[in-house]
Structure formats: structure tokens, C-alpha cells
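This is data01.cif (mmCIF, C-alpha atoms).
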data_target
loop_
_atom_site.label_atom_id
_atom_site.label_comp_id
_atom_site.auth_asym_id
_atom_site.auth_seq_id
_atom_site.Cartn_x
_atom_site.Cartn_y
_atom_site.Cartn_z
CA MET A 1 26.38 24.99 -8.30
CA LYS A 2 24.59 22.79 -10.84
CA ILE A 3 20.89 22.21 -10.21
CA VAL A 4 19.04 19.57 -12.23
CA PHE A 5 15.25 19.28 -12.37
CA LEU A 6 14.56 15.69 -13.41
CA ASP A 7 10.78 15.90 -13.89
CA ALA A 8 9.92 19.59 -14.09
CA LYS A 9 6.53 18.89 -15.71
CA THR A 10 5.31 17.55 -12.36
CA ILE A 11 5.51 21.09 -11.00
CA GLY A 12 3.66 22.69 -13.90
CA ASP A 13 4.69 25.12 -16.63
CA ASP A 14 3.04 28.06 -14.88
CA ILE A 15 5.38 28.24 -11.88
CA ASP A 16 8.16 30.83 -11.84
CA LEU A 17 11.47 29.01 -11.47
CA SER A 18 13.65 32.08 -12.09
CA PRO A 19 14.87 32.22 -8.44
CA PHE A 20 16.72 28.93 -9.00
CA TYR A 21 18.74 30.47 -11.84
CA LYS A 22 20.14 32.94 -9.32
CA LEU A 23 21.49 30.03 -7.27
CA GLY A 24 23.47 28.37 -10.03
CA GLU A 25 23.38 26.66 -13.40
CA VAL A 26 19.95 25.09 -13.96
CA THR A 27 19.00 22.23 -16.28
CA LEU A 28 15.35 21.33 -16.76
CA TYR A 29 14.12 17.96 -17.99
CA PRO A 30 10.35 17.53 -18.44
CA PHE A 31 10.58 13.86 -17.41
CA SER A 32 13.37 11.37 -16.79
CA THR A 33 13.33 7.59 -16.96
CA PRO A 34 15.62 5.50 -14.72
CA ASP A 35 17.71 4.68 -17.78
CA GLU A 36 18.16 8.37 -18.62
CA MET A 37 19.09 9.43 -15.10
CA PRO A 38 22.75 8.34 -14.88
CA ASP A 39 23.73 10.60 -17.76
CA ARG A 40 21.60 13.51 -16.58
CA VAL A 41 22.78 13.56 -12.96
CA LYS A 42 26.53 13.05 -13.43
CA ASP A 43 27.49 16.73 -12.95
CA ALA A 44 24.70 17.74 -10.56
CA ASP A 45 25.23 19.23 -7.12
CA VAL A 46 21.48 19.34 -6.47
CA LEU A 47 18.66 17.20 -7.84
CA ILE A 48 15.05 18.38 -7.73
CA LEU A 49 12.50 15.67 -8.46
CA ASN A 50 9.08 14.30 -7.67
CA LYS A 51 8.57 10.81 -9.10
CA THR A 52 11.93 9.66 -10.43
CA PRO A 53 13.49 6.88 -8.33
CA VAL A 54 16.77 7.60 -6.57
CA ASN A 55 19.00 4.63 -5.92
CA GLU A 56 22.43 3.25 -6.79
CA LYS A 57 21.35 2.28 -10.29
CA THR A 58 20.05 5.75 -11.17
CA ILE A 59 22.59 8.10 -9.53
CA TYR A 60 25.83 6.12 -9.30
CA THR A 61 27.40 8.56 -11.78
CA ALA A 62 26.58 11.65 -9.66
CA LYS A 63 30.02 12.18 -8.14
CA ASN A 64 29.32 15.79 -7.09
CA LEU A 65 25.83 15.26 -5.70
CA LYS A 66 25.25 16.83 -2.30
CA LEU A 67 21.51 17.41 -1.96
CA ILE A 68 18.26 15.90 -3.25
CA CYS A 69 15.05 17.90 -2.94
CA VAL A 70 11.76 16.03 -3.31
CA THR A 71 8.88 18.24 -4.42
CA ALA A 72 6.44 16.27 -2.29
CA THR A 73 5.92 15.00 1.24
CA GLY A 74 6.37 11.30 0.50
CA THR A 75 9.93 10.04 0.13
CA ASN A 76 9.37 6.42 -0.89
CA ILE A 77 11.26 7.08 -4.15
CA LEU A 78 14.52 7.51 -2.19
CA ASP A 79 16.88 4.71 -1.25
CA LYS A 80 17.83 6.39 2.01
CA ASP A 81 20.36 3.75 3.05
CA TYR A 82 22.28 4.29 -0.18
CA LEU A 83 22.13 8.08 0.24
CA ALA A 84 23.42 7.77 3.81
CA ARG A 85 26.36 5.64 2.67
CA ARG A 86 27.29 8.32 0.18
CA ASN A 87 26.61 11.17 2.60
CA ILE A 88 24.04 12.73 0.26
CA ALA A 89 21.46 14.84 2.07
CA TRP A 90 17.77 14.90 1.15
CA ARG A 91 14.85 17.17 1.87
CA ASN A 92 11.10 16.89 1.38
CA VAL A 93 8.27 19.39 1.88
CA SER A 94 5.20 19.07 4.08
CA GLY A 95 2.24 21.32 4.76
CA TYR A 96 2.32 23.19 1.46
CA SER A 97 -0.95 21.74 0.10
CA THR A 98 -3.15 21.58 3.19
CA GLU A 99 -5.46 24.42 2.15
CA SER A 100 -5.62 23.25 -1.46
CA VAL A 101 -6.57 19.66 -0.60
CA ALA A 102 -9.11 20.75 2.01
CA GLN A 103 -10.72 23.09 -0.51
CA HIS A 104 -10.86 20.37 -3.16
CA THR A 105 -12.46 18.00 -0.65
CA PHE A 106 -15.40 20.38 -0.27
CA ALA A 107 -15.56 21.06 -4.02
CA MET A 108 -15.98 17.33 -4.65
CA LEU A 109 -18.46 16.95 -1.81
CA PHE A 110 -20.79 19.74 -2.92
CA TYR A 111 -20.68 18.59 -6.54
CA LEU A 112 -22.06 15.23 -5.42
CA LEU A 113 -24.13 16.26 -2.40
CA GLU A 114 -26.16 18.89 -4.28
CA ASN A 115 -26.51 16.83 -7.48
CA LEU A 116 -24.89 19.61 -9.50
CA PRO A 117 -24.34 17.50 -12.67
CA TYR A 118 -28.10 16.88 -12.86
CA TYR A 119 -29.06 20.53 -12.42
CA ASP A 120 -26.40 21.80 -14.81
CA ASN A 121 -27.62 19.37 -17.48
CA TYR A 122 -31.25 20.28 -16.78
CA VAL A 123 -30.58 23.92 -17.62
CA LYS A 124 -28.16 23.37 -20.51
CA SER A 125 -30.45 20.83 -22.17
CA GLU A 126 -32.97 23.71 -22.32
CA GLN A 127 -35.55 21.95 -20.17
CA TYR A 128 -35.57 24.99 -17.89
CA ALA A 129 -36.35 27.33 -20.78
CA ASN A 130 -40.01 28.35 -20.45
CA ASP A 131 -40.64 25.80 -17.67
CA VAL A 132 -43.80 26.37 -15.64
CA LEU A 133 -41.94 26.70 -12.30
CA PHE A 134 -39.11 29.03 -11.34
CA THR A 135 -37.43 26.15 -9.49
CA HIS A 136 -36.99 22.45 -10.11
CA PHE A 137 -37.15 19.85 -7.33
CA ASN A 138 -36.63 16.55 -9.13
CA SER A 139 -33.23 15.69 -7.67
CA ARG A 140 -33.38 16.52 -4.00
CA PHE A 141 -30.40 17.21 -1.77
CA HIS A 142 -29.72 17.72 1.92
CA GLU A 143 -27.94 20.23 4.10
CA LEU A 144 -24.47 19.44 5.41
CA CYS A 145 -25.47 20.93 8.75
CA SER A 146 -25.96 18.15 11.32
CA MET A 147 -24.62 15.39 9.03
CA ASN A 148 -22.09 12.93 10.42
CA TRP A 149 -18.69 13.28 8.74
CA GLY A 150 -16.13 10.52 9.26
CA ILE A 151 -12.47 11.19 8.52
CA ILE A 152 -9.84 8.51 7.94
CA GLY A 153 -6.43 10.00 8.70
CA LEU A 154 -6.26 12.99 11.02
CA GLY A 155 -3.02 14.62 9.93
CA ALA A 156 -2.78 18.29 8.99
CA ILE A 157 -5.19 17.93 6.05
CA GLY A 158 -7.62 15.75 7.99
CA ARG A 159 -7.71 18.28 10.85
CA ARG A 160 -8.29 21.16 8.44
CA VAL A 161 -11.18 19.30 6.80
CA ALA A 162 -12.55 18.44 10.25
CA ASN A 163 -12.48 22.07 11.32
CA LEU A 164 -14.14 23.31 8.14
CA ALA A 165 -16.80 20.60 8.34
CA THR A 166 -17.51 21.66 11.91
CA PHE A 167 -17.98 25.26 10.75
CA PHE A 168 -20.68 23.96 8.40
CA GLY A 169 -22.37 22.31 11.38
CA ALA A 170 -21.35 18.71 10.68
CA ASN A 171 -20.63 16.28 13.49
CA VAL A 172 -17.07 15.05 12.90
CA VAL A 173 -15.49 11.78 14.02
CA TYR A 174 -12.27 10.16 12.87
CA TYR A 175 -10.55 6.79 12.68
CA SER A 176 -6.83 6.13 13.06
CA ALA A 177 -5.79 3.08 11.05
CA SER A 178 -2.50 2.91 12.96
CA ASN A 179 -4.34 3.05 16.30
CA ALA A 180 -2.57 6.28 17.29
CA ALA A 181 -3.46 7.93 20.58
CA PRO A 182 -6.61 10.11 20.48
CA GLN A 183 -6.06 13.72 19.45
CA GLU A 184 -7.38 16.33 21.85
CA GLY A 185 -10.40 18.18 20.52
CA TYR A 186 -11.42 15.45 18.06
CA HIS A 187 -13.65 12.42 18.54
CA GLN A 188 -11.92 9.14 17.68
CA VAL A 189 -14.05 6.05 16.93
CA ASP A 190 -13.41 2.52 15.73
CA PHE A 191 -13.56 1.66 12.04
CA ASP A 192 -16.94 -0.07 12.09
CA THR A 193 -18.54 2.83 13.92
CA LEU A 194 -17.16 5.34 11.43
CA LEU A 195 -18.40 3.27 8.48
CA SER A 196 -21.88 2.59 9.81
CA THR A 197 -22.70 6.04 11.20
CA SER A 198 -21.14 8.51 8.73
CA ASP A 199 -23.12 10.32 6.05
CA ILE A 200 -19.81 11.42 4.51
CA ILE A 201 -16.45 9.67 4.72
CA SER A 202 -13.27 11.32 3.49
CA VAL A 203 -9.83 9.73 3.37
CA HIS A 204 -6.75 11.87 4.08
CA ALA A 205 -4.37 9.12 5.22
CA PRO A 206 -0.98 8.07 3.85
CA LEU A 207 -0.53 4.71 2.16
CA ASN A 208 1.09 2.21 4.52
CA GLU A 209 0.62 -1.29 5.92
CA TYR A 210 -2.38 -0.09 7.94
CA THR A 211 -4.26 1.64 5.11
CA GLU A 212 -3.58 -0.39 1.94
CA LYS A 213 -6.92 -1.77 0.69
CA LEU A 214 -8.55 -0.56 3.90
CA MET A 215 -11.70 0.27 1.95
CA ASP A 216 -12.57 -3.16 0.58
CA GLU A 217 -15.90 -4.74 -0.25
CA ASN A 218 -16.58 -5.54 3.38
CA ALA A 219 -15.99 -1.91 4.38
CA PHE A 220 -18.26 -0.48 1.69
CA LYS A 221 -21.03 -2.89 2.70
CA LYS A 222 -21.00 -1.39 6.19
CA MET A 223 -21.61 2.14 4.93
CA GLN A 224 -25.03 3.74 4.75
CA SER A 225 -26.80 3.66 1.39
CA HIS A 226 -27.07 7.46 1.26
CA ALA A 227 -23.40 8.03 2.18
CA ILE A 228 -20.83 9.83 0.06
CA PHE A 229 -17.25 8.52 0.01
CA LEU A 230 -14.25 10.73 -0.86
CA ASN A 231 -10.64 9.64 -1.30
CA LEU A 232 -8.00 12.38 -1.26
CA GLY A 233 -5.31 10.24 0.38
CA ARG A 234 -3.74 7.59 -1.84
CA GLY A 235 -5.37 5.42 -4.50
CA PRO A 236 -4.44 1.96 -3.17
CA ILE A 237 -6.22 2.71 0.11
CA ILE A 238 -9.37 1.56 -1.68
CA ASP A 239 -10.15 -1.55 -3.67
CA GLU A 240 -11.42 0.03 -6.89
CA SER A 241 -13.33 -3.08 -7.96
CA ALA A 242 -15.07 -3.07 -4.59
CA LEU A 243 -15.99 0.59 -5.06
CA VAL A 244 -17.55 -0.11 -8.45
CA THR A 245 -19.56 -2.92 -6.87
CA ALA A 246 -20.64 -0.60 -4.07
CA LEU A 247 -21.87 1.96 -6.58
CA ASN A 248 -23.59 -0.59 -8.83
CA GLU A 249 -25.28 -2.32 -5.89
CA LYS A 250 -26.11 1.07 -4.34
CA TRP A 251 -24.41 0.26 -1.06
CA ILE A 252 -23.36 3.92 -1.14
CA ALA A 253 -24.83 6.94 -2.92
CA ALA A 254 -21.73 8.41 -4.55
CA ALA A 255 -17.96 8.66 -4.52
CA GLY A 256 -15.37 11.29 -5.33
CA LEU A 257 -11.75 10.33 -6.06
CA ASP A 258 -8.72 12.53 -6.62
CA VAL A 259 -6.28 9.62 -6.41
CA LEU A 260 -6.25 6.26 -8.17
CA GLU A 261 -4.52 2.92 -7.82
CA GLU A 262 -2.60 3.64 -11.05
CA GLU A 263 -1.77 7.19 -12.12
CA PRO A 264 -2.30 8.13 -14.90
CA MET A 265 -5.46 6.02 -14.98
CA SER A 266 -5.03 2.56 -16.44
CA ALA A 267 -7.16 1.59 -19.43
CA SER A 268 -7.98 -1.59 -17.49
CA SER A 269 -9.19 0.30 -14.41
CA PRO A 270 -12.55 -1.00 -13.16
CA LEU A 271 -13.60 2.64 -12.76
CA ILE A 272 -13.14 3.61 -16.40
CA HIS A 273 -16.53 2.36 -17.57
CA PHE A 274 -18.59 3.98 -14.79
CA LYS A 275 -19.81 7.11 -16.57
CA ASP A 276 -22.52 8.46 -14.24
CA SER A 277 -20.98 11.75 -13.07
CA SER A 278 -23.74 12.27 -10.53
CA ARG A 279 -22.49 9.22 -8.63
CA LEU A 280 -18.77 9.09 -9.42
CA LEU A 281 -16.51 12.11 -9.73
CA ILE A 282 -12.83 11.56 -10.56
CA THR A 283 -10.24 14.32 -10.78
CA PRO A 284 -6.65 13.65 -11.99
CA HIS A 285 -4.70 14.06 -8.73
CA ILE A 286 -5.14 17.84 -8.69
CA ALA A 287 -6.28 18.48 -5.11
CA TRP A 288 -2.76 19.47 -4.05
CA ALA A 289 -2.06 21.61 -7.10
CA SER A 290 -3.50 25.09 -6.63
CA ILE A 291 -1.17 27.76 -7.99
CA GLU A 292 -0.61 28.95 -4.43
CA ALA A 293 0.32 25.48 -3.19
CA ARG A 294 2.78 24.84 -6.02
CA THR A 295 4.34 28.29 -5.57
CA ARG A 296 4.64 27.65 -1.83
CA LEU A 297 6.24 24.29 -2.58
CA MET A 298 8.96 25.70 -4.82
CA LYS A 299 9.71 28.63 -2.50
CA THR A 300 10.33 26.07 0.23
CA ILE A 301 12.67 24.09 -2.04
CA GLU A 302 14.56 27.29 -2.87
CA LYS A 303 14.99 28.08 0.83
CA GLN A 304 16.15 24.52 1.53
CA ILE A 305 18.92 24.81 -1.05
CA ILE A 306 20.03 28.22 0.25
CA SER A 307 20.01 26.97 3.85
CA PHE A 308 21.94 23.79 3.01
CA PHE A 309 24.77 25.56 1.20
CA SER A 310 24.93 28.37 3.76
CA ASN A 311 25.90 25.98 6.56
#

Show me the file's structure as C-alpha cells.
Amino acid sequence: MKIVFLDAKTIGDDIDLSPFYKLGEVTLYPFSTPDEMPDRVKDADVLILNKTPVNEKTIYTAKNLKLICVTATGTNILDKDYLARRNIAWRNVSGYSTESVAQHTFAMLFYLLENLPYYDNYVKSEQYANDVLFTHFNSRFHELCSMNWGIIGLGAIGRRVANLATFFGANVVYYSASNAAPQEGYHQVDFDTLLSTSDIISVHAPLNEYTEKLMDENAFKKMQSHAIFLNLGRGPIIDESALVTALNEKWIAAAGLDVLEEEPMSASSPLIHFKDSSRLLITPHIAWASIEARTRLMKTIEKQIISFFSN
């Protein structure tokens, strides 16, 4: 069996891939462009990839190809009709990053909610050295307990965040952009209600026709001026120019983003010039990427390959 990793760098250099070498001959490419793919896939039985597009143009040379494993949940990179015509199977992975993304959601929240950039700078700038008081109150913060937390997208990650927020004492509501039936044990509200009543809003939804540019200027205007907005779903769910306006006009207090409209970040991004870390926190799409989550992901891929060729 010949296994080809087309964009191994998307998994990270710190993940043990030795189990795959026990399954067959392994070739690792850090990244692959569409133009490079035909030559790289021609002898492969299995392709493992994350971002590289799979279609007739990129894999027409792969005469032995039997299985494609996507190291992600989303499968929009696959031309599934073409794969079906060629009888090439595909697999994706879900649920591997739930704990990691939920944890990162709270890391971003507390960084902003408790004004940690301000207090860290206060101490490191030596203002605290020999101050007259043992504590410093100049940038106040509030307790999460009894706050209203609105969630957009109540899948596995959204439910985990909802449950953790409830443990902290927050009152949790959610909005379904696709108008799905209410989920038992959770309080579903309409979009305007979520926007106007939530102290915290976090996005954990997929990108689709219901969610693209859902958070536009009109939506941000309906939020409370003290609210914190977090996006851990997909970048294009928000209008980034509208978010910058919302921050500049102080329609909202702060925002935390782990996903952007363009990744890596575009030099022309409207967010790139907003430098106040106390009001805008951006992380480079790392919420999913704890070492445990990435290890779990690759163990699942390994099992998928074993299962497929055992049948």
C-alpha cells in the first residue's frame, strides 16, 4: 500500500506518524499545489490531506487510488461526484477537537473579560513596583456568573461550550441559523433576541448559505455595548469590516477571533490595523489544534485506513 500525505504541515511536526509506516510505504509532502498533485498522487492507494483540492484536474493520474482521508470535518475540498464515478472512497473525521475548541473559547473569553492585557502590562511596565496599594482597580471586570451567553450553532462544540458556561453560572441561549428544531435541554431564541440580550456571543456554526456574513453591521448594531463577541466557527460568518466599525464605534466592548475570512491573514484585512489587544484578540486558527486533538485526529485516520482495507 502506498500512502501519500499531501500537506503534512497542516497536522504539525510534533505528531507521531510512525503507525502509518507500519501500514505501507509512506510519502510526506509539506504542502502540495494543484499543479503538483497529478505527479504526486499517480502511484497512491491512499491520500491523506487537509486543504488540497481533490477533483479530476488534480487526481486524474491516480490510477490506483482507493481511499481519501481528510484530516478535518469539512469536506468541501472534495469533488464527491467525480470520486463516486471513479469508485474512490473518502473519509473525514468529526468530534476530535470538541474539547480543544471549547477550552480555547474560554481562554479567549477570560483574556478579554478580565482585561488581562491591561493588568499584565501594568505589572511588566513596573507601575506595580512599590505602588501604594496591594491591588489595582483601574480596569474593572465582571463575573461570568449570571451573565447571558448566546451561542450561534449548537453542534457538539456549541453544546460543550453551553454546558461549561452553565457550570460557571451563565444563562445560556442559542440561535439556529438553519431554523433547526429546538434541542431538548437548551433554550432556543430568535436572532434578534440573542443579539440584544447576550453579554457574550460565541459562534460555533459551520459556514453555509444560512451563516455566511450572518454577523454584518446590522447585527453588531443590535448587540449590547458591553458585549463580547467570539468567533470560533468560520471566518466568513462575520463581515470583518463591520466588526472593525463595531469596535471603533463601541457598539460592542471586545471581540475574539480564531478564524478569519482569509487564512493566513491577508495584508489587506480590515482587522490588521486594529492593534488594541484589550479589545481585539486574534489567534491563528489554533483552537482545534491541541496536541491531544491532533493525536486523536491521526489515530482516527489510521483506524479508518485499517478498517477500509480489512473489509

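Using only C-alpha atoms, the smallest distance between any of A:Leu116, A:Val244, A:Ile68, A:Val101 and Asn231 (chain A) comes from A:Val101.
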
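Nearest residue to Ala254 (chain A) among A:Arg234, A:His226, A:Lys213, A:His273 is A:His226, counting all atoms listed in the file.
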
Evaluate the PyMOL selection byres ((chain A and resi 309) around 12) against this structure - the residues, as a compact mmCIF listing (two decimals) with C-alpha atoms, keeping the file's coordinate frame, please.
# COMPACT_ATOMS: atom_id res chain seq x y z
CA MET A 1 26.38 24.99 -8.30
CA LEU A 23 21.49 30.03 -7.27
CA GLY A 24 23.47 28.37 -10.03
CA ASP A 45 25.23 19.23 -7.12
CA VAL A 46 21.48 19.34 -6.47
CA LYS A 66 25.25 16.83 -2.30
CA LEU A 67 21.51 17.41 -1.96
CA ALA A 89 21.46 14.84 2.07
CA GLU A 302 14.56 27.29 -2.87
CA LYS A 303 14.99 28.08 0.83
CA GLN A 304 16.15 24.52 1.53
CA ILE A 305 18.92 24.81 -1.05
CA ILE A 306 20.03 28.22 0.25
CA SER A 307 20.01 26.97 3.85
CA PHE A 308 21.94 23.79 3.01
CA SER A 310 24.93 28.37 3.76
CA ASN A 311 25.90 25.98 6.56

Would you write out, as a PyMOL selection string, every residue that the PyMOL selection byres ((chain A and resi 193) around 10) captures in this file? chain A and resi 150+173-175+188-192+194-198+222-223

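In this structure, CA of Ser176 (chain A) sits 5.8 Å away from CA of Gly153 (chain A).
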
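Atom pair CA of Ile59 (chain A) / CA of Met37 (chain A) has a distance of 6.7 Å (rounded to one decimal).
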
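Among the candidates A:Arg279, A:Lys51, A:Lys63, A:Lys9, the residue lying nearest to Ile228 (chain A) is A:Arg279 (atoms considered: only C-alpha atoms).
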
Which residues, protein or nucleic acid, reach to within 6 Å of (-21.4, -1.8, -0.8) in the file's coordinates when using only C-alpha atoms, and can you give that as a list in words? Phe220, Lys221, Ala246 and Trp251 of chain A

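Taken over the shown file, the PyMOL selection byres ((chain A and resi 16) around 12) identifies Ala8, Ile11, Gly12, Asp13, Asp14, Ile15, Leu17, Ser18, Pro19, Phe20, Tyr21, Ile291, Glu292, Arg294, Thr295, Arg296, Leu297, Met298, Lys299 and Glu302 of chain A.
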
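Using all atoms listed in the file, the protein and nucleic acid residues lying no more than 7 Å from region 29-34 of chain A, apart from those fewer than 6 places from it along its own chain, are Phe5, Leu6, Asp7, Ala8, Lys9, Thr52, Pro53 and Thr58 of chain A.
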
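Here CA of Pro264 (chain A) stands at a distance of 25.6 Å from CA of Arg91 (chain A).
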
Residues proximal to (-2.1, 5.0, 9.7) were defined as those with any atom within 8 Å of that point in the file's coordinates, counting all atoms listed in the file. Which are they, as a PyMOL selection string? chain A and resi 153+176-180+205-211

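Nearest residue to Gly158 (chain A) among A:Val172, A:Leu83, A:Val93, A:Ala289 is A:Val172, counting all atoms listed in the file.
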
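The neighbours of Leu78 (chain A) here are the residues that come within 7 Å of it, using all atoms listed in the file and leaving out any residue fewer than 3 positions away in the same chain; they are A:Pro53, A:Val54, A:Asn55, A:Thr75.
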
Selection export as a CSV table (one decimal), keeping the file's coordinate frame, atoms kept: C-alpha atoms:
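Output contents, as saved in selection00.csv:
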chain,number,residue,atom,x,y,z
A,53,PRO,CA,13.5,6.9,-8.3
A,54,VAL,CA,16.8,7.6,-6.6
A,55,ASN,CA,19.0,4.6,-5.9
A,75,THR,CA,9.9,10.0,0.1
